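K.L.:
I'm passing along data-v2.txt; it holds compact mmCIF, C-alpha atoms.
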```txt
# COMPACT_ATOMS: atom_id res chain seq x y z
CA PHE A 41 0.43 14.02 6.14
CA TYR A 42 -3.28 14.28 6.94
CA LEU A 43 -5.85 14.44 4.15
CA SER A 44 -9.02 15.48 5.91
CA ASP A 45 -11.89 15.88 3.40
CA ALA A 46 -13.16 15.31 -0.13
CA ASP A 47 -11.25 18.35 -1.39
CA SER A 48 -7.95 16.82 -0.24
CA HIS A 49 -6.03 15.11 -3.02
CA MET A 50 -2.34 14.20 -2.77
CA THR A 51 -0.46 12.79 -5.73
CA HIS A 52 3.07 12.09 -6.97
CA CYS A 53 4.77 12.42 -3.59
CA VAL A 54 7.61 10.52 -1.92
CA VAL A 55 7.04 9.90 1.80
CA THR A 56 10.05 8.24 3.44
CA ASN A 57 11.78 7.84 6.79
CA CYS A 58 8.86 9.09 8.88
CA THR A 59 9.21 8.03 12.51
CA SER A 60 6.73 8.07 15.35
CA SER A 61 8.74 7.79 18.58
CA SER A 62 5.96 6.25 20.65
CA GLY A 63 3.23 5.13 18.28
CA GLN A 64 0.05 7.13 18.68
CA ALA A 65 -0.01 8.99 22.00
CA SER A 66 -3.57 7.85 22.67
CA GLY A 67 -2.78 4.23 21.91
CA ALA A 68 -5.34 4.36 19.11
CA TYR A 69 -5.08 2.28 15.97
CA ASP A 70 -6.69 4.87 13.73
CA HIS A 71 -3.73 7.02 12.70
CA GLY A 72 -0.82 6.35 10.38
CA ASN A 73 2.91 6.80 10.87
CA ALA A 74 3.14 7.99 7.27
CA GLY A 75 -0.31 9.46 6.75
CA ASP A 76 -4.09 9.52 7.04
CA VAL A 77 -6.57 9.62 4.13
CA ARG A 78 -10.00 10.62 5.48
CA ALA A 79 -13.55 11.71 4.69
CA GLY A 80 -13.48 11.28 0.91
CA ALA A 81 -9.82 12.24 0.36
CA THR A 82 -7.59 10.51 -2.19
CA LEU A 83 -3.92 9.55 -2.28
CA ALA A 84 -2.44 8.52 -5.63
CA HIS A 85 0.85 7.74 -7.39
CA THR A 86 2.81 8.10 -4.16
CA LEU A 87 5.75 6.15 -2.73
CA VAL A 88 5.65 5.39 1.03
CA ALA A 89 8.82 3.69 2.26
CA ASN A 90 10.88 3.12 5.41
CA CYS A 91 8.37 4.71 7.78
CA ARG A 92 8.30 3.22 11.27
CA THR A 93 7.42 3.56 14.89
CA GLY A 94 9.86 3.63 17.77
CA ALA A 95 7.29 1.91 19.98
CA ASP A 96 7.96 -1.45 18.41
CA GLY A 97 5.99 -4.12 20.27
CA SER A 98 4.46 -1.76 22.83
CA TRP A 99 0.77 -1.29 23.63
CA HIS A 100 0.43 1.40 20.97
CA TYR A 101 -1.57 0.46 17.86
CA ASP A 102 -0.31 2.49 14.95
CA SER A 103 -0.45 1.69 11.23
CA THR A 104 1.61 2.95 8.28
CA LEU A 105 -1.34 4.29 6.27
CA VAL A 106 -5.01 4.52 7.19
CA VAL A 107 -7.96 4.99 4.84
CA GLY A 108 -11.21 6.40 6.22
CA ALA A 109 -14.80 6.43 5.00
CA ASN A 110 -15.32 7.08 1.27
CA SER A 111 -11.56 7.57 0.80
CA ARG A 112 -9.23 5.89 -1.65
CA ILE A 113 -5.56 5.09 -2.24
CA SER A 114 -4.60 4.37 -5.86
CA PHE A 115 -1.37 3.35 -7.61
CA CYS A 116 0.78 3.72 -4.51
CA THR A 117 3.92 1.78 -3.56
CA VAL A 118 4.07 0.93 0.16
CA VAL A 119 7.33 -0.85 1.01
CA ASP A 120 9.71 -1.57 3.90
CA ASN A 121 7.62 0.03 6.65
CA VAL A 122 7.26 -1.06 10.29
CA ALA A 123 4.23 -0.46 12.51
CA THR A 124 2.83 -1.92 15.71
CA ASN A 125 -0.48 -2.67 13.99
CA ILE A 126 -1.04 -2.72 10.21
CA ALA A 127 2.34 -2.20 8.52
CA GLY A 128 0.68 -1.70 5.13
CA ILE A 129 -2.77 -0.15 4.55
CA ASN A 130 -5.48 -0.09 7.22
CA LEU A 131 -9.09 0.30 6.08
CA LEU A 132 -10.96 2.14 8.81
CA ALA A 133 -14.41 1.95 7.22
CA ALA A 134 -16.39 -0.39 5.03
CA SER A 135 -16.45 2.30 2.31
CA ALA A 136 -12.64 2.71 2.28
CA ARG A 137 -10.88 1.51 -0.87
CA PHE A 138 -7.44 0.93 -2.34
CA ASP A 139 -6.47 -0.19 -5.83
CA HIS A 140 -3.44 -0.99 -7.96
CA CYS A 141 -1.04 -0.68 -5.03
CA LEU A 142 2.24 -2.53 -4.50
CA ILE A 143 2.69 -3.53 -0.85
CA ALA A 144 5.86 -5.43 0.11
CA GLY A 145 8.60 -5.76 2.69
CA ASN A 146 6.50 -4.36 5.52
CA ARG A 147 6.54 -5.71 9.08
CA SER A 148 3.81 -5.55 11.70
CA SER A 149 5.34 -6.04 15.13
CA ARG A 150 1.93 -6.79 16.68
CA GLY A 151 0.58 -8.79 13.76
CA ASN A 152 2.00 -12.18 14.60
CA GLU A 153 -1.48 -13.69 14.47
CA THR A 154 -1.52 -13.37 10.70
CA PRO A 155 1.00 -12.32 8.03
CA ARG A 156 -1.85 -10.35 6.46
CA TRP A 157 -1.05 -7.47 8.80
CA ASN A 158 2.18 -6.88 6.88
CA VAL A 159 0.00 -5.94 3.91
CA TRP A 160 -3.44 -4.69 4.90
CA GLY A 161 -6.14 -4.86 7.54
CA ALA A 162 -9.71 -3.80 8.22
CA LEU A 163 -9.82 -2.71 11.83
CA TYR A 164 -12.43 -0.08 12.55
CA GLU A 165 -15.21 0.81 14.94
CA THR A 166 -18.58 -0.92 14.54
CA ALA A 167 -21.70 -1.28 16.63
CA GLN A 168 -19.57 -3.24 19.08
CA GLY A 169 -17.59 -0.10 19.88
CA ALA A 170 -13.92 0.72 19.61
CA TRP A 171 -11.49 -1.97 18.52
CA SER A 172 -9.79 -3.80 21.35
CA GLU A 173 -7.67 -6.85 22.05
CA SER A 174 -10.77 -9.02 22.54
CA TYR A 175 -12.26 -7.75 19.29
CA ARG A 176 -9.22 -8.56 17.20
CA THR A 177 -10.10 -12.20 16.54
CA ASP A 178 -13.56 -11.35 15.22
CA GLU A 179 -12.11 -8.75 12.88
CA LEU A 180 -9.44 -11.09 11.55
CA ASN A 181 -12.01 -13.79 10.91
CA ARG A 182 -14.14 -11.36 8.94
CA VAL A 183 -11.14 -10.21 6.92
CA THR A 184 -10.27 -13.81 6.11
CA ASP A 185 -13.81 -14.43 4.93
CA GLY A 186 -13.35 -12.25 1.88
CA PHE A 187 -13.82 -8.76 3.30
CA ALA A 188 -11.45 -7.33 0.66
CA GLU A 189 -13.64 -8.27 -2.29
CA GLY A 190 -15.15 -5.12 -3.74
CA LYS A 191 -12.85 -2.91 -1.69
CA VAL A 192 -9.43 -3.82 -3.10
CA THR A 193 -8.61 -3.97 -6.81
CA ARG A 194 -5.60 -5.50 -8.61
CA CYS A 195 -2.81 -5.07 -6.06
CA ALA A 196 0.51 -6.88 -5.61
CA SER A 197 2.13 -8.09 -2.41
CA ASP A 198 4.80 -10.46 -1.12
CA THR A 199 2.65 -11.93 1.67
CA VAL A 200 -0.98 -12.58 0.71
CA ALA A 201 -3.06 -12.59 -2.44
CA ILE A 202 -5.47 -9.92 -1.24
CA THR A 203 -8.17 -10.59 -3.85
CA ALA A 204 -8.66 -12.96 -6.77
CA ASP A 205 -7.27 -10.38 -9.23
CA SER A 206 -4.23 -9.52 -7.10
CA ILE A 207 -0.64 -10.68 -7.58
CA LEU A 208 1.39 -12.64 -5.03
CA ALA A 209 5.16 -12.74 -5.60
CA ASP A 210 8.43 -12.79 -3.66
CA TYR A 211 9.90 -9.49 -2.52
CA PRO A 212 12.78 -9.53 -5.07
CA GLN A 213 10.19 -9.85 -7.83
CA LEU A 214 8.38 -6.73 -6.65
CA VAL A 215 11.05 -4.36 -5.31
CA LYS A 216 14.39 -3.25 -6.71
CA VAL A 217 16.55 -0.55 -5.15
CA ARG A 218 18.96 1.13 -7.55
CA ARG A 219 20.88 4.33 -6.80
CA GLY A 220 18.65 4.94 -3.82
CA ARG A 221 15.43 4.66 -5.82
CA ILE A 222 12.77 2.01 -5.39
CA SER A 223 11.39 0.53 -8.58
CA LEU A 224 10.07 -2.67 -10.13
CA PRO A 225 12.37 -5.31 -11.63
CA ALA A 226 11.86 -5.52 -15.38
CA ASN A 227 10.53 -9.09 -15.13
CA SER A 228 8.16 -8.38 -12.26
CA PRO A 229 4.64 -9.86 -12.50
CA ALA A 230 3.43 -6.43 -11.32
CA ALA A 231 4.90 -4.82 -14.44
CA ASN A 232 2.74 -4.30 -17.51
CA ALA A 233 -0.24 -5.57 -15.49
CA VAL A 234 -3.00 -2.93 -15.73
CA ASP A 235 -4.99 -2.41 -18.92
CA PRO A 236 -5.28 1.33 -19.74
CA ALA A 237 -8.94 0.78 -20.61
CA ASP A 238 -9.59 -0.13 -16.97
CA VAL A 239 -8.06 3.07 -15.54
CA PRO A 240 -9.01 6.11 -17.67
CA GLY A 241 -7.56 9.48 -16.77
CA MET A 242 -4.09 8.26 -15.79
CA PRO A 243 -1.34 10.92 -15.58
CA GLU A 244 1.46 11.05 -18.13
CA LYS A 245 4.23 10.69 -15.52
CA ASP A 246 4.95 8.33 -12.61
CA VAL A 247 6.16 9.44 -9.17
CA TYR A 248 9.71 9.95 -10.48
CA GLY A 249 8.62 11.93 -13.53
CA ASN A 250 9.17 9.08 -15.98
CA PRO A 251 6.56 8.09 -18.59
CA ARG A 252 3.61 6.50 -16.79
CA LEU A 253 2.91 4.12 -19.66
CA PHE A 254 5.94 2.10 -20.78
CA GLY A 255 4.71 -0.71 -22.97
CA SER A 256 1.10 -1.67 -23.63
CA LYS A 257 -0.06 -1.67 -19.99
CA TYR A 258 0.60 0.20 -16.75
CA ASP A 259 2.64 -1.17 -13.86
CA ILE A 260 1.10 -1.68 -10.43
CA GLY A 261 2.22 0.91 -7.88
CA ALA A 262 3.63 4.42 -8.12
CA VAL A 263 6.69 3.58 -10.21
CA GLU A 264 6.65 2.66 -13.90
CA CYS A 265 9.61 0.42 -14.70
CA GLN A 266 11.58 1.89 -17.60
CA ARG A 267 12.43 -1.32 -19.41
CA PHE A 268 15.20 -0.43 -21.84
CA GLY A 269 16.33 -3.15 -24.18
CA GLY A 270 19.91 -3.66 -25.33
CA LEU A 271 21.26 -2.72 -28.75
CA LEU A 272 22.43 -5.60 -30.93
CA LEU A 273 24.86 -4.81 -33.73
CA LEU A 274 25.67 -7.35 -36.42
CA VAL A 275 28.97 -6.78 -38.20
CA ARG A 276 29.91 -8.71 -41.29
```
Please express what this file holds, its structure, as structure tokens.
P.N.:
Amino acid sequence: FYLSDADSHMTHCVVTNCTSSSGQASGAYDHGNAGDVRAGATLAHTLVANCRTGADGSWHYDSTLVVGANSRISFCTVVDNVATNIAGINLLAASARFDHCLIAGNRSSRGNETPRWNVWGALYETAQGAWSESYRTDELNRVTDGFAEGKVTRCASDTVAITADSILADYPQLVKVRRGRISLPANSPAANAVDPADVPGMPEKDVYGNPRLFGSKYDIGAVECQRFGGLLLLVR
């Protein structure tokens, strides 16, 4: 998908098994295997899973999702994707944002310099010109120095604690696959983790059509875990 302007808003979608056979034809890093969110567009309450490139390890620089200037990704679940660059979310501009996303199980085949590339990155053009191999180190240093603060809010990942308010947990604590559906385990630290007062205007349903609020707080990501308790009968 390609969301191209401020009137573009995509929500409650499932994007899976997208394949780019050769990465981006131009070798550019600024497009996503799964999708692009650009020029003020928003992507919300969407599951992105098992998207990958066939150019694994080649000179192509593709990401799973890219976020452009003044654009935002909210309450999305980004899991089990493979890309030659950023296997999670790539911020292409200083004004790009993402919040309350669950990012786990992704693999960046070109990101051996830092595990961070399995989760997110901030690789974009600046006054120095287009991103290149020689520019990579400078960008990674800047990311490490707290670039995410103010741009990323309350996310969960299995690789890095992106910001001070984010959650770091093992993959099995963040992702459960049951009957072909990806969800949160009931005891996940990403469950019941977002105060409704902090996110007004939330929809009534999650990406699967289940109640968006189950308990006193929202879950991180696109899927609200339906935590059903057992029934105890006492017989005398």
K.L.:
Could you tell me which of A:Leu105, A:Val88, A:Ile143, A:Cys53 comes closest to Gly75 in chain A if we count all atoms listed in the file?
P.N.:
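Answer, going by the shortest atom-to-atom distance: A:Leu105.
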K.L.:
In Å to one decimal, how far is CA of Val107 in chain A from CA of Leu131 in chain A?
P.N.:
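Between CA of Leu131 in chain A and CA of Val107 in chain A the gap is 5.0 Å.
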K.L.:
For Asn146 in chain A, which residue among A:Ile113, A:Glu264, A:Val192, A:Ser197 is the nearest when counting all atoms listed in the file?
P.N.:
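Residue with the minimum atom-to-atom distance to Asn146 in chain A: A:Ser197.
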K.L.:
Padding 4 Å on every side, please: axis-aligned box over the listed atoms of range 52-57 of chain A, centre and edge lengths to one decimal in Å, as lines of an AutoDock Vina configuration file.
P.N.:
```
center_x = 7.4
center_y = 10.1
center_z = -0.1
size_x = 16.7
size_y = 12.6
size_z = 21.8
```
K.L.:
Work out how far apart CA of Arg252 in chain A and CA of Gly161 in chain A are and give it in Å to one decimal.
P.N.:
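Answer for the CA of Arg252 in chain A to CA of Gly161 in chain A separation: 28.6 Å.
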K.L.:
Restricting the calculation to only C-alpha atoms, which member of A:Arg147, A:Lys216, A:Arg78, A:Arg221 is positioned closest to Arg112 in chain A?
P.N.:
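The shortest atom-to-atom distance to Arg112 in chain A comes from A:Arg78.
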K.L.:
Expressed in Å to a single decimal, how great is the separation between CA of Pro251 in chain A and CA of Gln266 in chain A?
P.N.:
8.0 Å
K.L.:
Show me as JSON, numbers by chain the residues that reach within 8 Å of (-2.7, 0.5, -18.7), counting all atoms listed in the file and using the file's own coordinates.
P.N.:
{"A": [232, 233, 234, 235, 236, 237, 238, 239, 253, 256, 257, 258, 259]}
K.L.:
Using all atoms listed in the file, can you tell me which of A:Ile222, A:Ser228, A:Ala46, A:Arg194 comes closest to Val119 in chain A?
P.N.:
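Looking only at the distances to Val119 in chain A, the closest residue turns out to be A:Ile222.
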K.L.:
Excluding Asp120 in chain A and residues on its chain fewer than 5 positions from it, collect all residues at most 12 Å away from it, counting all atoms listed in the file, and give them as a VMD selection string.
P.N.:
chain A and resid 55 to 58 87 to 92 104 127 to 128 142 to 148 158 to 159 197 to 198 211 214 to 217 222
K.L.:
If you keep C-alpha atoms, can you produce a file of those selected residues as a PDB file, in the frame of the given file?
P.N.:
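Below is the file out36.pdb, written as the result:
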```
ATOM      1  CA  VAL A  55       7.040   9.900   1.800  1.00  0.00           C
ATOM      2  CA  THR A  56      10.050   8.240   3.440  1.00  0.00           C
ATOM      3  CA  ASN A  57      11.780   7.840   6.790  1.00  0.00           C
ATOM      4  CA  CYS A  58       8.860   9.090   8.880  1.00  0.00           C
ATOM      5  CA  LEU A  87       5.750   6.150  -2.730  1.00  0.00           C
ATOM      6  CA  VAL A  88       5.650   5.390   1.030  1.00  0.00           C
ATOM      7  CA  ALA A  89       8.820   3.690   2.260  1.00  0.00           C
ATOM      8  CA  ASN A  90      10.880   3.120   5.410  1.00  0.00           C
ATOM      9  CA  CYS A  91       8.370   4.710   7.780  1.00  0.00           C
ATOM     10  CA  ARG A  92       8.300   3.220  11.270  1.00  0.00           C
ATOM     11  CA  THR A 104       1.610   2.950   8.280  1.00  0.00           C
ATOM     12  CA  ALA A 127       2.340  -2.200   8.520  1.00  0.00           C
ATOM     13  CA  GLY A 128       0.680  -1.700   5.130  1.00  0.00           C
ATOM     14  CA  LEU A 142       2.240  -2.530  -4.500  1.00  0.00           C
ATOM     15  CA  ILE A 143       2.690  -3.530  -0.850  1.00  0.00           C
ATOM     16  CA  ALA A 144       5.860  -5.430   0.110  1.00  0.00           C
ATOM     17  CA  GLY A 145       8.600  -5.760   2.690  1.00  0.00           C
ATOM     18  CA  ASN A 146       6.500  -4.360   5.520  1.00  0.00           C
ATOM     19  CA  ARG A 147       6.540  -5.710   9.080  1.00  0.00           C
ATOM     20  CA  SER A 148       3.810  -5.550  11.700  1.00  0.00           C
ATOM     21  CA  ASN A 158       2.180  -6.880   6.880  1.00  0.00           C
ATOM     22  CA  VAL A 159       0.000  -5.940   3.910  1.00  0.00           C
ATOM     23  CA  SER A 197       2.130  -8.090  -2.410  1.00  0.00           C
ATOM     24  CA  ASP A 198       4.800 -10.460  -1.120  1.00  0.00           C
ATOM     25  CA  TYR A 211       9.900  -9.490  -2.520  1.00  0.00           C
ATOM     26  CA  LEU A 214       8.380  -6.730  -6.650  1.00  0.00           C
ATOM     27  CA  VAL A 215      11.050  -4.360  -5.310  1.00  0.00           C
ATOM     28  CA  LYS A 216      14.390  -3.250  -6.710  1.00  0.00           C
ATOM     29  CA  VAL A 217      16.550  -0.550  -5.150  1.00  0.00           C
ATOM     30  CA  ILE A 222      12.770   2.010  -5.390  1.00  0.00           C
TER      31      ILE A 222
END
```
K.L.:
Excluding Ala81 in chain A and residues on its chain fewer than 5 positions from it, collect all residues at most 12 Å away from it, counting only C-alpha atoms, and give them as a ChimeraX atom specification.
P.N.:
/A:41-51,75-76,106-114,136-138
K.L.:
Have a look at A:Ala262, A:Ala196, A:Ser223, A:Asp205 and name the one nearest to Thr86 in chain A; count only C-alpha atoms.
P.N.:
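Looking only at the distances to Thr86 in chain A, the closest residue turns out to be A:Ala262.
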K.L.:
Counting all atoms listed in the file, figure out which residue out of A:Ala84, A:Ala79, A:Cys195, A:Val118 gets nearest to Leu132 in chain A.
P.N.:
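When distances to Leu132 in chain A are compared using all atoms listed in the file, the smallest one comes from A:Ala79.
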